[in-house]
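As stored in protein-v7.txt (compact mmCIF, C-alpha atoms):
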```
# COMPACT_ATOMS: atom_id res chain seq x y z
CA MET L 1 0.00 0.00 0.00
CA PRO L 2 1.58 3.34 -1.02
CA ARG L 3 2.42 5.83 1.69
CA PRO L 4 0.27 9.00 1.79
CA PRO L 5 2.05 12.08 0.44
CA LYS L 6 3.97 14.08 3.01
CA SER L 7 2.32 17.32 4.13
CA ARG L 8 4.06 20.49 2.98
CA ARG L 9 4.87 23.05 5.66
CA ILE L 10 3.66 26.60 5.03
CA CYS L 11 4.53 29.73 6.97
CA CYS L 12 1.00 30.88 7.74
CA TYR L 13 -2.33 31.56 6.12
CA PRO L 14 -2.38 34.17 3.33
CA ASP L 15 -3.74 37.65 3.96
CA TYR L 16 -5.55 37.69 0.60
CA TRP L 17 -7.58 34.75 -0.68
CA SER L 18 -8.97 35.67 -4.09
CA PHE L 19 -7.81 37.62 -7.14
CA ALA L 20 -9.80 38.54 -10.23
CA PRO L 21 -9.56 40.74 -13.34
CA ASP L 22 -10.92 44.27 -12.99
CA GLN L 23 -14.03 43.61 -15.04
CA ASP L 24 -17.52 42.31 -14.48
CA ALA L 25 -17.28 39.14 -16.55
CA VAL L 26 -14.82 36.63 -15.08
CA ASN L 27 -14.29 33.47 -17.10
CA ASP L 28 -14.29 30.58 -14.65
CA THR L 29 -12.27 30.07 -11.46
CA ILE L 30 -8.93 28.45 -10.74
CA ILE L 31 -8.26 26.93 -7.33
CA MET L 32 -4.67 27.35 -6.16
CA THR L 33 -3.85 25.30 -3.07
CA LEU L 34 -2.02 26.84 -0.14
CA ASP L 35 1.08 24.71 -0.69
CA GLU L 36 1.16 25.86 -4.33
CA PHE L 37 0.81 29.46 -3.17
CA GLU L 38 3.67 28.93 -0.69
CA THR L 39 6.09 28.00 -3.49
CA ILE L 40 5.17 31.20 -5.35
CA ARG L 41 5.63 33.23 -2.17
CA LEU L 42 9.01 31.74 -1.31
CA ILE L 43 10.56 31.47 -4.79
CA ASP L 44 9.09 34.40 -6.72
CA TYR L 45 8.29 36.85 -3.91
CA GLN L 46 11.14 36.14 -1.49
CA SER L 47 13.64 35.13 -4.21
CA LYS L 48 14.59 31.86 -2.53
CA THR L 49 16.04 28.96 -4.47
CA GLN L 50 14.08 25.76 -4.89
CA GLU L 51 16.48 24.09 -2.46
CA GLN L 52 15.75 26.77 0.16
CA CYS L 53 12.04 26.49 -0.53
CA ALA L 54 12.19 22.72 -0.06
CA LEU L 55 13.97 23.18 3.27
CA GLU L 56 11.34 25.61 4.54
CA MET L 57 8.47 23.42 3.36
CA ASN L 58 10.13 20.27 4.74
CA VAL L 59 9.87 18.31 1.49
CA ALA L 60 12.21 17.12 -1.27
CA ARG L 61 13.39 19.59 -3.92
CA THR L 62 11.73 17.43 -6.61
CA THR L 63 8.42 17.85 -4.76
CA VAL L 64 8.87 21.62 -4.72
CA THR L 65 9.67 21.59 -8.45
CA SER L 66 6.42 19.76 -9.19
CA ILE L 67 4.27 21.99 -6.95
CA TYR L 68 5.90 25.17 -8.28
CA ASP L 69 5.38 24.12 -11.91
CA THR L 70 1.68 23.51 -11.29
CA ALA L 71 1.30 26.83 -9.44
CA ARG L 72 3.01 28.82 -12.22
CA LYS L 73 0.81 27.24 -14.89
CA LYS L 74 -2.32 28.13 -12.90
CA LEU L 75 -1.07 31.70 -12.46
CA ALA L 76 -0.29 32.05 -16.17
CA LYS L 77 -3.68 30.64 -17.19
CA ALA L 78 -5.46 33.10 -14.88
CA LEU L 79 -3.51 36.09 -16.23
CA VAL L 80 -3.89 35.20 -19.91
CA GLU L 81 -7.48 33.95 -19.88
CA GLY L 82 -8.89 36.35 -17.29
CA LYS L 83 -9.81 33.77 -14.70
CA ARG L 84 -10.38 34.30 -10.99
CA ILE L 85 -7.87 32.69 -8.59
CA ILE L 86 -9.11 31.43 -5.25
CA LEU L 87 -6.72 30.06 -2.62
CA SER L 88 -8.11 27.03 -0.84
CA GLY L 89 -7.10 23.67 0.60
CA GLY L 90 -4.02 21.62 -0.20
CA ASN L 91 -1.82 19.06 1.52
CA TYR L 92 -0.18 21.29 4.10
CA THR L 93 0.62 21.86 7.75
CA LEU L 94 1.20 25.23 9.37
CA SER L 95 4.54 26.15 10.87
CA ASN L 96 4.04 25.90 14.60
CA THR L 97 5.94 28.55 16.54
CA ILE L 98 3.66 28.35 19.58
CA SER L 99 5.56 27.77 22.79
CA ASP L 100 4.67 25.21 25.43
CA GLU L 101 2.86 27.88 27.45
CA ILE L 102 -0.51 26.51 26.36
CA ASN L 103 -1.56 22.90 26.86
CA LYS L 104 -3.15 20.55 24.38
CA LYS L 105 -6.84 21.02 24.94
CA GLY L 106 -8.04 17.41 24.90
CA SER L 107 -11.04 15.94 23.11
CA LYS L 108 -13.71 17.19 25.54
CA ILE L 109 -12.54 20.82 25.64
CA MET L 110 -13.85 23.66 23.49
CA ARG L 111 -11.31 26.48 23.21
CA ILE L 112 -12.55 30.06 22.74
CA ALA L 113 -10.15 32.85 21.77
CA VAL L 114 -11.04 36.53 22.22
CA THR L 115 -9.02 39.49 20.93
CA TYR L 116 -7.89 41.09 24.18
CA ASP L 117 -6.93 44.56 25.38
CA ASN L 118 -7.09 45.25 29.12
CA GLY L 119 -10.20 43.16 29.63
CA GLN L 120 -12.00 44.47 26.53
CA ILE L 121 -12.48 43.00 23.06
CA PHE L 122 -9.76 44.52 20.87
CA GLN L 123 -11.30 45.99 17.74
CA HIS L 124 -8.67 45.39 15.00
CA PHE L 125 -8.09 41.67 14.48
CA GLY L 126 -5.04 42.21 12.25
CA ARG L 127 -3.29 44.20 15.00
CA THR L 128 -4.12 41.92 17.91
CA GLU L 129 -1.22 41.62 20.36
CA GLN L 130 -2.99 39.38 22.87
CA PHE L 131 -5.75 36.78 22.94
CA LYS L 132 -7.59 35.68 26.04
CA ILE L 133 -8.15 31.94 25.86
CA TYR L 134 -11.06 30.20 27.58
CA ASP L 135 -11.23 26.41 27.84
CA VAL L 136 -14.79 25.16 28.22
CA ALA L 137 -16.08 21.72 29.24
CA TYR L 138 -19.75 20.80 29.55
CA GLY L 139 -20.77 24.45 29.21
CA LYS L 140 -18.49 25.74 31.99
CA ILE L 141 -15.19 27.61 31.83
CA VAL L 142 -12.46 25.36 33.24
CA GLY L 143 -9.40 27.43 32.36
CA GLU L 144 -8.38 30.95 31.31
CA GLN L 145 -5.11 32.28 29.93
CA ILE L 146 -3.82 35.41 28.20
CA LEU L 147 -1.41 34.73 25.33
CA SER L 148 0.77 37.18 23.45
CA THR L 149 0.76 36.70 19.68
CA ASN L 150 3.99 36.12 17.79
CA GLY L 151 2.85 37.57 14.49
CA ALA L 152 1.07 40.55 13.00
CA GLY L 153 -1.38 40.50 10.15
CA HIS L 154 -4.41 38.37 9.42
CA GLY L 155 -2.61 35.33 8.04
CA ALA L 156 -0.12 34.98 10.89
CA LEU L 157 -2.80 35.49 13.54
CA ALA L 158 -5.12 32.97 11.91
CA GLY L 159 -2.25 30.47 11.93
CA PHE L 160 -1.62 31.25 15.59
CA LEU L 161 -5.23 30.42 16.44
CA LYS L 162 -5.13 27.23 14.39
CA ASN L 163 -1.97 26.09 16.15
CA ILE L 164 -3.35 26.68 19.65
CA GLU L 165 -6.40 24.60 18.63
CA ALA L 166 -8.98 27.37 18.93
CA ASP L 167 -12.53 26.35 18.05
CA VAL L 168 -14.18 29.79 18.29
CA LEU L 169 -12.96 33.35 17.76
CA ILE L 170 -14.75 36.33 19.30
CA CYS L 171 -13.48 39.68 18.06
CA GLY L 172 -14.34 43.18 16.92
CA GLY L 173 -13.63 44.23 13.34
CA ILE L 174 -12.12 41.60 11.05
CA GLY L 175 -11.38 41.86 7.35
CA GLY L 176 -12.57 39.60 4.57
CA GLY L 177 -9.19 37.88 4.22
CA ALA L 178 -9.14 36.95 7.88
CA GLN L 179 -12.70 35.68 7.63
CA MET L 180 -11.57 33.37 4.82
CA ALA L 181 -8.65 32.22 6.97
CA MET L 182 -11.00 31.40 9.86
CA SER L 183 -13.13 29.33 7.50
CA GLU L 184 -10.07 27.48 6.15
CA ALA L 185 -8.91 26.81 9.72
CA GLY L 186 -12.34 25.52 10.78
CA ILE L 187 -12.74 28.20 13.46
CA ALA L 188 -16.24 29.54 14.15
CA LEU L 189 -16.25 33.35 13.92
CA TYR L 190 -18.21 35.77 16.09
CA GLY L 191 -17.05 39.18 14.87
CA GLY L 192 -18.28 42.74 15.27
CA ASN L 193 -18.43 42.53 19.08
CA MET L 194 -17.51 45.15 21.68
CA GLY L 195 -17.17 45.31 25.45
CA SER L 196 -15.92 42.90 28.09
CA CYS L 197 -14.21 39.69 26.95
CA ASP L 198 -15.60 37.77 29.91
CA GLU L 199 -19.15 38.95 29.28
CA ALA L 200 -18.92 38.06 25.59
CA VAL L 201 -17.86 34.51 26.44
CA LYS L 202 -20.71 34.22 28.93
CA ALA L 203 -23.12 35.37 26.22
CA PHE L 204 -21.66 32.79 23.83
CA LEU L 205 -22.14 30.00 26.37
CA ASN L 206 -25.71 31.21 26.97
CA GLU L 207 -26.26 31.19 23.17
CA THR L 208 -27.09 34.90 23.13
CA LEU L 209 -23.96 36.20 21.36
CA VAL L 210 -24.84 37.41 17.87
CA GLN L 211 -22.86 36.02 14.92
CA ASN L 212 -22.50 39.23 12.89
CA GLU L 213 -22.78 38.64 9.14
CA ASN L 214 -20.53 41.60 8.19
CA PRO L 215 -17.92 42.11 10.93
CA THR L 216 -15.53 44.14 8.78
CA CYS L 217 -12.78 46.31 10.23
CA ASP L 218 -14.84 49.50 9.83
CA HIS L 219 -17.87 47.95 11.54
CA HIS L 220 -17.60 50.27 14.56
CA HIS L 221 -15.08 52.94 13.59
CA GLU L 222 -12.78 54.36 10.94
CA HIS L 223 -9.18 53.28 10.57
CA GLY L 224 -6.42 55.51 11.79
CA GLU L 225 -4.00 57.00 9.29
CA GLY L 226 -1.61 54.42 7.86
CA HIS L 227 -3.49 51.42 9.23
CA THR L 228 -3.83 48.28 7.18
CA CYS L 229 -5.54 45.13 8.33
CA GLY L 230 -3.67 43.05 5.80
CA ASP L 231 -0.03 43.32 6.94
CA HIS L 232 1.61 39.95 6.36
CA GLY L 233 3.38 38.53 9.38
CA CYS L 234 5.65 35.87 7.88
CA GLY L 235 8.61 38.12 7.26
CA ASN L 236 11.63 37.14 5.16
CA HIS L 237 13.02 34.30 7.17
```
Would you write the structure of this file as structure tokens?
Amino acid sequence: MPRPPKSRRICCYPDYWSFAPDQDAVNDTIIMTLDEFETIRLIDYQSKTQEQCALEMNVARTTVTSIYDTARKKLAKALVEGKRIILSGGNYTLSNTISDEINKKGSKIMRIAVTYDNGQIFQHFGRTEQFKIYDVAYGKIVGEQILSTNGAGHGALAGFLKNIEADVLICGGIGGGAQMAMSEAGIALYGGNMGSCDEAVKAFLNETLVQNENPTCDHHHEHGEGHTCGDHGCGNH
């Protein structure tokens, strides 16, 4: 029986998840997987060699060559034929830079993450410096912890939440790219919330917390000068 293909390691989730020509009529859609996107990011954007890319993705160079070739053909087809590109799925694992400060949650625990700022729900997901984590069992909070993030930007923060095994995110404003990342990560999103973190979690457990359908970053307020919710947090490592 053949062995299953080895998962490809990616830095973090992208900040942007779809790209389309600037016209009303878009001819069909191309799905680019996240491991294909990672080869484009590392080789074409960060100017790494295929050997360096293979090292970062923890696969053989021949595997990178194959993935990269497929990704470039998809990109070319989209550019020439005016097709929409959507990033989704793939055989990948996220780089895990989370320290041992948080425990594995176990099968009976639901983990809720809330964007945190001095007890209140922080309003800009892409700039979140801390999450308050609540572990819940049988409808009751059994553990609480405040964690500092080790990345900035939607993609890095979404990866952070995936790696700490969050099941639910409660936050204020959150951009469309981050919403896509939450969906890819399988994390239920409750955005567009304000006020006390503790009270929001209580409302969630009482099934009275509203799941806002449009929790964008300008839901409650305007951005400050120079702010962008889409800063990528992977860096050039």
Write out as an MDAnalysis selection string each polymer residue whose atoms come within 9 Å of Leu169 of chain L, counting only C-alpha atoms; drop sequence neighbours fewer than 3 positions from it.
-> chainID L and resid 111:115 161 166 182 187:191
Counting only C-alpha atoms, which residues of segment 118-199 of chain L fall within 10 Å of segment 9-18 of chain L, and what is the closest atom pair for each with its distance in Å at one decimal, ordered by chain and rising number, as CSV?
```
residue,atom,partner,partner_atom,distance
L:Gly126,CA,L:Asp15,CA,9.6
L:Gly151,CA,L:Cys12,CA,9.7
L:Gly153,CA,L:Asp15,CA,7.2
L:His154,CA,L:Asp15,CA,5.5
L:Gly155,CA,L:Tyr13,CA,4.2
L:Ala156,CA,L:Cys12,CA,5.3
L:Leu157,CA,L:Cys12,CA,8.3
L:Ala158,CA,L:Tyr13,CA,6.6
L:Gly159,CA,L:Cys12,CA,5.3
L:Phe160,CA,L:Cys12,CA,8.3
L:Lys162,CA,L:Tyr13,CA,9.7
L:Gly175,CA,L:Asp15,CA,9.4
L:Gly176,CA,L:Tyr16,CA,8.3
L:Gly177,CA,L:Tyr16,CA,5.1
L:Ala178,CA,L:Asp15,CA,6.7
L:Gln179,CA,L:Trp17,CA,9.8
L:Met180,CA,L:Trp17,CA,6.9
L:Ala181,CA,L:Tyr13,CA,6.4
L:Met182,CA,L:Tyr13,CA,9.4
L:Glu184,CA,L:Tyr13,CA,8.7
L:Ala185,CA,L:Tyr13,CA,8.9
```
Same residues, C-alpha atoms, saved as a compact mmCIF listing (two decimals), in the frame of the given file:
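Below is the file again.txt, written as the result:
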```
# COMPACT_ATOMS: atom_id res chain seq x y z
CA GLY L 126 -5.04 42.21 12.25
CA GLY L 151 2.85 37.57 14.49
CA GLY L 153 -1.38 40.50 10.15
CA HIS L 154 -4.41 38.37 9.42
CA GLY L 155 -2.61 35.33 8.04
CA ALA L 156 -0.12 34.98 10.89
CA LEU L 157 -2.80 35.49 13.54
CA ALA L 158 -5.12 32.97 11.91
CA GLY L 159 -2.25 30.47 11.93
CA PHE L 160 -1.62 31.25 15.59
CA LYS L 162 -5.13 27.23 14.39
CA GLY L 175 -11.38 41.86 7.35
CA GLY L 176 -12.57 39.60 4.57
CA GLY L 177 -9.19 37.88 4.22
CA ALA L 178 -9.14 36.95 7.88
CA GLN L 179 -12.70 35.68 7.63
CA MET L 180 -11.57 33.37 4.82
CA ALA L 181 -8.65 32.22 6.97
CA MET L 182 -11.00 31.40 9.86
CA GLU L 184 -10.07 27.48 6.15
CA ALA L 185 -8.91 26.81 9.72
```
Smallest atom-to-atom distance to Leu34 of chain L: which of L:Leu87, L:Ala78, L:Val59, L:Ala203, using all atoms listed in the file?
-> L:Leu87
Mind giving me the straight-line distance from atom CA of Glu207 of chain L to atom CA of Gly143 of chain L in Å, one decimal?
->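 That distance, rounded to one decimal, is 19.6 Å.
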Which residue, L:Ser107, L:Ser7, L:Asn118, L:Thr65, has the smallest gap to Gly90 of chain L when you use only C-alpha atoms?
-> L:Ser7
Enter the distance from atom CA of Gln130 of chain L to atom CA of Ser148 of chain L, in Å, rounded to one decimal.
->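 A separation of 4.4 Å between them.
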Two-atom distance - atom CA of Glu51 of chain L, atom CA of Asp69 of chain L (Å) = 14.6 Å
Within 10 Å of Gly139 of chain L, counting all atoms listed in the file, which residues qualify if same-chain residues fewer than 6 places away don't, as JSON, numbers by chain?
-> {"L": [109, 110, 202, 204, 205, 206]}
Could you write out that same residue set with C-alpha atoms as a JSON list (two decimals), keeping the file's coordinate frame?
```json
[["chain", "number", "residue", "atom", "x", "y", "z"],
["L", 109, "ILE", "CA", -12.54, 20.82, 25.64],
["L", 110, "MET", "CA", -13.85, 23.66, 23.49],
["L", 202, "LYS", "CA", -20.71, 34.22, 28.93],
["L", 204, "PHE", "CA", -21.66, 32.79, 23.83],
["L", 205, "LEU", "CA", -22.14, 30.00, 26.37],
["L", 206, "ASN", "CA", -25.71, 31.21, 26.97]]
```
How would segment 54-90 of chain L look with N, CA and C atoms restored, written as a tab-separated table (two decimals), in the coordinates of the input?
```
chain	number	residue	atom	x	y	z
L	54	ALA	N	12.41	24.09	-0.52
L	54	ALA	CA	12.19	22.72	-0.06
L	54	ALA	C	12.52	22.58	1.42
L	55	LEU	N	13.58	23.23	1.86
L	55	LEU	CA	13.97	23.18	3.27
L	55	LEU	C	12.90	23.79	4.14
L	56	GLU	N	12.36	24.94	3.74
L	56	GLU	CA	11.34	25.61	4.54
L	56	GLU	C	10.03	24.83	4.54
L	57	MET	N	9.72	24.16	3.44
L	57	MET	CA	8.47	23.42	3.36
L	57	MET	C	8.61	21.98	3.84
L	58	ASN	N	9.85	21.59	4.17
L	58	ASN	CA	10.13	20.27	4.74
L	58	ASN	C	9.76	19.14	3.78
L	59	VAL	N	10.10	19.34	2.50
L	59	VAL	CA	9.87	18.31	1.49
L	59	VAL	C	11.09	18.24	0.58
L	60	ALA	N	11.11	17.26	-0.32
L	60	ALA	CA	12.21	17.12	-1.27
L	60	ALA	C	12.16	18.23	-2.32
L	61	ARG	N	13.35	18.55	-2.89
L	61	ARG	CA	13.39	19.59	-3.92
L	61	ARG	C	12.55	19.19	-5.13
L	62	THR	N	12.54	17.88	-5.48
L	62	THR	CA	11.73	17.43	-6.61
L	62	THR	C	10.25	17.68	-6.37
L	63	THR	N	9.82	17.57	-5.10
L	63	THR	CA	8.42	17.85	-4.76
L	63	THR	C	8.12	19.33	-4.97
L	64	VAL	N	9.04	20.18	-4.52
L	64	VAL	CA	8.87	21.62	-4.72
L	64	VAL	C	8.81	21.95	-6.21
L	65	THR	N	9.67	21.34	-7.01
L	65	THR	CA	9.67	21.59	-8.45
L	65	THR	C	8.31	21.28	-9.06
L	66	SER	N	7.72	20.16	-8.66
L	66	SER	CA	6.42	19.76	-9.19
L	66	SER	C	5.32	20.71	-8.75
L	67	ILE	N	5.30	21.08	-7.47
L	67	ILE	CA	4.27	21.99	-6.95
L	67	ILE	C	4.40	23.36	-7.62
L	68	TYR	N	5.63	23.85	-7.72
L	68	TYR	CA	5.90	25.17	-8.28
L	68	TYR	C	5.48	25.24	-9.75
L	69	ASP	N	5.76	24.16	-10.49
L	69	ASP	CA	5.38	24.12	-11.91
L	69	ASP	C	3.87	24.20	-12.06
L	70	THR	N	3.14	23.47	-11.24
L	70	THR	CA	1.68	23.51	-11.29
L	70	THR	C	1.15	24.90	-10.93
L	71	ALA	N	1.74	25.50	-9.89
L	71	ALA	CA	1.30	26.83	-9.44
L	71	ALA	C	1.54	27.88	-10.52
L	72	ARG	N	2.70	27.84	-11.18
L	72	ARG	CA	3.01	28.82	-12.22
L	72	ARG	C	2.07	28.67	-13.42
L	73	LYS	N	1.73	27.45	-13.78
L	73	LYS	CA	0.81	27.24	-14.89
L	73	LYS	C	-0.58	27.78	-14.56
L	74	LYS	N	-1.02	27.58	-13.32
L	74	LYS	CA	-2.32	28.13	-12.90
L	74	LYS	C	-2.29	29.65	-12.94
L	75	LEU	N	-1.20	30.24	-12.46
L	75	LEU	CA	-1.07	31.70	-12.46
L	75	LEU	C	-1.08	32.25	-13.88
L	76	ALA	N	-0.34	31.61	-14.76
L	76	ALA	CA	-0.29	32.05	-16.17
L	76	ALA	C	-1.66	31.94	-16.83
L	77	LYS	N	-2.36	30.85	-16.60
L	77	LYS	CA	-3.68	30.64	-17.19
L	77	LYS	C	-4.65	31.72	-16.72
L	78	ALA	N	-4.58	32.07	-15.42
L	78	ALA	CA	-5.46	33.10	-14.88
L	78	ALA	C	-5.17	34.46	-15.51
L	79	LEU	N	-3.88	34.79	-15.67
L	79	LEU	CA	-3.51	36.09	-16.23
L	79	LEU	C	-3.90	36.20	-17.71
L	80	VAL	N	-3.66	35.15	-18.47
L	80	VAL	CA	-3.89	35.20	-19.91
L	80	VAL	C	-5.37	35.09	-20.24
L	81	GLU	N	-6.08	34.23	-19.54
L	81	GLU	CA	-7.48	33.95	-19.88
L	81	GLU	C	-8.48	34.70	-19.00
L	82	GLY	N	-7.99	35.54	-18.10
L	82	GLY	CA	-8.89	36.35	-17.29
L	82	GLY	C	-9.71	35.56	-16.30
L	83	LYS	N	-9.09	34.59	-15.66
L	83	LYS	CA	-9.81	33.77	-14.70
L	83	LYS	C	-9.56	34.25	-13.27
L	84	ARG	N	-10.52	33.99	-12.42
L	84	ARG	CA	-10.38	34.30	-10.99
L	84	ARG	C	-9.53	33.22	-10.32
L	85	ILE	N	-8.64	33.63	-9.41
L	85	ILE	CA	-7.87	32.69	-8.59
L	85	ILE	C	-8.42	32.72	-7.18
L	86	ILE	N	-8.71	31.55	-6.65
L	86	ILE	CA	-9.11	31.43	-5.25
L	86	ILE	C	-8.13	30.49	-4.56
L	87	LEU	N	-7.62	30.89	-3.41
L	87	LEU	CA	-6.72	30.06	-2.62
L	87	LEU	C	-7.56	29.21	-1.67
L	88	SER	N	-7.31	27.90	-1.69
L	88	SER	CA	-8.11	27.03	-0.84
L	88	SER	C	-7.48	25.64	-0.77
L	89	GLY	N	-7.45	25.07	0.43
L	89	GLY	CA	-7.10	23.67	0.60
L	89	GLY	C	-5.64	23.36	0.31
L	90	GLY	N	-5.37	22.09	0.06
L	90	GLY	CA	-4.02	21.62	-0.20
L	90	GLY	C	-3.54	20.66	0.87
```
